[in-house]
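Everything below concerns the one structure shown next.
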Amino acid sequence: MLEIVIIPVLNDNYVWLARDPESGEVVVVDPAVAPPVLEKAEELGWRITQIWNTHWHPDHTGGNEEIRAATDAIIIGPRGERDKIPSIDVAVSGGGSIRLGNLDVHVLDAPGHTAGHILFYLPGDKALFSGDTLFPMGCGRLFEGRPEEMFGVLKALEALPGDVRVYCAHEYTEANGRFALVTEPENVAIIERMRHVGASRLRGEPTVPTTIALERATNPFMRARSVEEFSQRRAAKDNF
């Protein structure tokens, strides 16, 4: 089973450190900054061998070169954004695959937040690293993509097994949940979820990972029935 550790950095970013226990291979996902990642890896006795970038934004790539310099890790990122992530060693796109030690990793295209955004999906471990595409009760802003692209991505993710765990890159759950309550005020699942979210945040605990099943029940963007409804909800959230 993939071992996964969460590293809170900056204001609300999460960096993920994951290890294949059989091979000892370790990946860091979307490293905004390097020092906390290197410190955690040293604390755990893990040697970082790969870096995965889901998209080009600096709060997902800022630690790339410092981590590579310290570990000789290979940087793997989206082919469509290679010009914006000059440190990429291996460029990948949807339909491709990579390996983390003995584990198969599928690459999924996820245009919307950025044009070349990708996701890393480990079906054998039921783990999805979603970057800024899918959040608990939310999705990424459409900085470069079109509503129909993001809607299509969310529908594809909705079709994944319900017990797939989703590891996103930000702590946005409370804000997303407040919008979800306004959008679907009679959704009992959202109301109940927000009780748990509020309690977790009062204790200073992360609200991630989430699961595909939980998002099917509570995410107003995944639950949109058409591109038009999704677009309306995304515009409303942008101004919420």
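Chains: A, B, ... in order of the structure tokens. Residues: from 1 per chain. Ligands: from 1, in order shown.
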
message: Need the shell around Arg201 (chain A): protein/DNA/RNA residues with any atom at most 10 Å away, counting only C-alpha atoms. Skip same-chain ones fewer than 5 positions apart. Format as an NGL selection string?
response: :A and (171 or 173-174 or 196 or 206-207)

Selection export as a PDB file, in the first residue's frame, atoms kept: N, CA and C atoms:
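Full text of part.pdb as output:
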ATOM      1  N   GLU A 171      -6.043  23.636   0.964  1.00  0.00           N
ATOM      2  CA  GLU A 171      -7.068  23.537   2.003  1.00  0.00           C
ATOM      3  C   GLU A 171      -8.131  24.596   1.718  1.00  0.00           C
ATOM      4  N   THR A 173     -11.577  23.636   1.780  1.00  0.00           N
ATOM      5  CA  THR A 173     -12.838  22.932   2.020  1.00  0.00           C
ATOM      6  C   THR A 173     -13.904  23.792   2.680  1.00  0.00           C
ATOM      7  N   GLU A 174     -13.539  24.574   3.687  1.00  0.00           N
ATOM      8  CA  GLU A 174     -14.559  25.391   4.361  1.00  0.00           C
ATOM      9  C   GLU A 174     -15.207  26.382   3.402  1.00  0.00           C
ATOM     10  N   HIS A 196     -18.535  18.097  10.138  1.00  0.00           N
ATOM     11  CA  HIS A 196     -17.239  17.439  10.334  1.00  0.00           C
ATOM     12  C   HIS A 196     -16.086  18.351   9.930  1.00  0.00           C
ATOM     13  N   PRO A 206      -6.173  18.783   8.711  1.00  0.00           N
ATOM     14  CA  PRO A 206      -6.531  18.861   7.287  1.00  0.00           C
ATOM     15  C   PRO A 206      -7.885  18.201   7.035  1.00  0.00           C
ATOM     16  N   THR A 207      -8.556  18.655   5.997  1.00  0.00           N
ATOM     17  CA  THR A 207      -9.835  18.049   5.606  1.00  0.00           C
ATOM     18  C   THR A 207      -9.667  17.152   4.388  1.00  0.00           C
TER      19      THR A 207
END

message: Which residues are close to region 177-190 of chain A, i.e. within 9 Å by only C-alpha atoms, leaving aside same-chain residues fewer than 6 positions away? Reply as a PyMOL selection string.
response: chain A and resi 136-138+197+214+217-221+233+236-237+240

List the spatial neighbours of Arg165 (chain A) as a JSON list (two decimals) with all heavy atoms, in the first residue's frame - criterion: any atom at most 8 Å away, only C-alpha atoms, same-chain residues fewer than 5 positions off excluded.
[["chain", "number", "residue", "atom", "x", "y", "z"],
["A", 126, "LYS", "N", -5.78, 2.99, -5.51],
["A", 126, "LYS", "CA", -6.98, 3.83, -5.43],
["A", 126, "LYS", "C", -6.64, 5.21, -4.89],
["A", 126, "LYS", "O", -7.25, 5.71, -3.93],
["A", 126, "LYS", "CB", -8.06, 3.14, -4.59],
["A", 126, "LYS", "CG", -8.54, 1.84, -5.24],
["A", 126, "LYS", "CD", -9.73, 1.23, -4.53],
["A", 126, "LYS", "CE", -10.21, 0.00, -5.30],
["A", 126, "LYS", "NZ", -11.37, -0.64, -4.64],
["A", 127, "ALA", "N", -5.64, 5.83, -5.52],
["A", 127, "ALA", "CA", -5.18, 7.16, -5.12],
["A", 127, "ALA", "C", -5.10, 8.06, -6.35],
["A", 127, "ALA", "O", -4.59, 7.65, -7.40],
["A", 127, "ALA", "CB", -3.81, 7.08, -4.45],
["A", 128, "LEU", "N", -5.61, 9.27, -6.22],
["A", 128, "LEU", "CA", -5.60, 10.26, -7.29],
["A", 128, "LEU", "C", -4.99, 11.55, -6.76],
["A", 128, "LEU", "O", -5.49, 12.12, -5.79],
["A", 128, "LEU", "CB", -7.02, 10.53, -7.79],
["A", 128, "LEU", "CG", -7.18, 11.63, -8.84],
["A", 128, "LEU", "CD1", -6.66, 11.15, -10.20],
["A", 128, "LEU", "CD2", -8.64, 12.07, -8.96],
["A", 209, "PRO", "N", -7.32, 13.71, 2.63],
["A", 209, "PRO", "CA", -7.95, 13.51, 1.32],
["A", 209, "PRO", "C", -9.47, 13.36, 1.42],
["A", 209, "PRO", "O", -10.02, 13.13, 2.50],
["A", 209, "PRO", "CB", -7.31, 12.22, 0.82],
["A", 209, "PRO", "CG", -7.02, 11.45, 2.07],
["A", 209, "PRO", "CD", -6.59, 12.49, 3.06],
["A", 210, "THR", "N", -10.09, 13.49, 0.27],
["A", 210, "THR", "CA", -11.50, 13.19, 0.14],
["A", 210, "THR", "C", -11.62, 11.90, -0.67],
["A", 210, "THR", "O", -10.62, 11.24, -0.92],
["A", 210, "THR", "CB", -12.24, 14.36, -0.54],
["A", 210, "THR", "OG1", -13.64, 14.05, -0.64],
["A", 210, "THR", "CG2", -11.71, 14.67, -1.93],
["A", 211, "THR", "N", -12.84, 11.54, -1.04],
["A", 211, "THR", "CA", -13.04, 10.37, -1.90],
["A", 211, "THR", "C", -13.98, 10.73, -3.04],
["A", 211, "THR", "O", -14.74, 11.71, -2.96],
["A", 211, "THR", "CB", -13.66, 9.18, -1.14],
["A", 211, "THR", "OG1", -15.00, 9.53, -0.73],
["A", 211, "THR", "CG2", -12.83, 8.80, 0.08],
["A", 212, "ILE", "N", -13.93, 9.95, -4.09],
["A", 212, "ILE", "CA", -14.84, 10.18, -5.22],
["A", 212, "ILE", "C", -16.29, 10.05, -4.76],
["A", 212, "ILE", "O", -17.16, 10.85, -5.15],
["A", 212, "ILE", "CB", -14.53, 9.20, -6.36],
["A", 212, "ILE", "CG1", -13.15, 9.51, -6.98],
["A", 212, "ILE", "CG2", -15.62, 9.27, -7.43],
["A", 212, "ILE", "CD1", -13.03, 10.86, -7.64]]

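Summary of the local environment: counting only C-alpha atoms, residues at most 6 Å from Ala115 (chain A), other than itself and those fewer than 4 positions away along its chain, are Pro111, Glu144 and Gly145 of chain A.
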
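Each of A:Val105, A:Ile75, A:Val227, A:Leu119 was checked against Pro147 (chain A) using only C-alpha atoms; the smallest atom-to-atom distance is that of A:Val227.
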
message: Write out as a ChimeraX atom specification the set of residues from region 9-96 of chain A that DSSP, computed on the backbone, places in helix (DSSP H, G or I).
response: /A:35-44,58-61,64-71,79-81

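Taking CA of Ile98 (chain A) as the reference point, CA of Glu42 (chain A) is found at 24.9 Å.
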
Per residue of region 96-161 of chain A within 10 Å of region 24-28 of chain A, record the nearest atom pair and its distance in Å to one decimal, counting only C-alpha atoms, with rows in chain order and ascending residue number, as a Markdown table.
| residue | atom | partner | partner_atom | distance |
| --- | --- | --- | --- | --- |
| A:Arg99 | CA | A:Glu25 | CA | 9.6 |
| A:Leu100 | CA | A:Glu25 | CA | 6.2 |
| A:Gly101 | CA | A:Glu25 | CA | 5.3 |
| A:Asn102 | CA | A:Glu25 | CA | 8.6 |
| A:Leu103 | CA | A:Glu25 | CA | 9.6 |

Near His60 (chain A), counting only C-alpha atoms, which residues have an atom at most 6 Å away, once you skip same-chain residues fewer than 3 positions from it, shown as a PDB file with N, CA and C atoms, in the first residue's frame?
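In the end it all went to around_28.pdb:
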ATOM      1  N   ASP A  30       3.784  18.180  -6.448  1.00  0.00           N
ATOM      2  CA  ASP A  30       3.522  19.622  -6.459  1.00  0.00           C
ATOM      3  C   ASP A  30       4.250  20.369  -5.332  1.00  0.00           C
ATOM      4  N   PRO A  31       5.581  20.303  -5.314  1.00  0.00           N
ATOM      5  CA  PRO A  31       6.331  20.977  -4.249  1.00  0.00           C
ATOM      6  C   PRO A  31       6.392  22.489  -4.442  1.00  0.00           C
ATOM      7  N   ALA A  32       5.622  23.189  -3.653  1.00  0.00           N
ATOM      8  CA  ALA A  32       5.619  24.652  -3.722  1.00  0.00           C
ATOM      9  C   ALA A  32       6.964  25.219  -3.285  1.00  0.00           C
ATOM     10  N   HIS A  57       1.864  26.305 -12.295  1.00  0.00           N
ATOM     11  CA  HIS A  57       1.817  27.418 -11.347  1.00  0.00           C
ATOM     12  C   HIS A  57       2.950  27.333 -10.319  1.00  0.00           C
TER      13      HIS A  57
END

message: Give me the residues near Ser87 (chain A) as an MDAnalysis selection string, where near means some atom within 12 Å (using only C-alpha atoms) and where sequence neighbours in that chain fewer than 5 positions away do not count.
response: chainID A and resid 51:53 56 61:69 73:78 81:82

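Restricting the calculation to only C-alpha atoms, the smallest distance between Phe230 (chain A) and any of A:Ile191, A:Leu160, A:Leu202, A:Val153 is found for A:Val153.
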
- request: Looking only at strand (DSSP E or B) from DSSP on the backbone, list the matching residues of region 3-226 of chain A as a PyMOL selection string.
  value: chain A and resi 3-9+13-19+26-29+48-52+74-78+90-92+97-100+103-109+118-122+127-131+134-135+138-139+165-168+170+210-211

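The closest residue to Pro58 (chain A), picked from A:Leu157, A:Thr71, A:Ile85, A:Arg79 and counting only C-alpha atoms, is A:Ile85.
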
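Interatomic distance, CA of Leu38 (chain A) against CA of His106 (chain A): 25.8 Å.
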
field: Of the listed residues A:Glu228, A:Asp109, A:Glu192, A:Asp238, that which approaches Gly140 (chain A) most closely, counting only C-alpha atoms
entry: A:Asp238
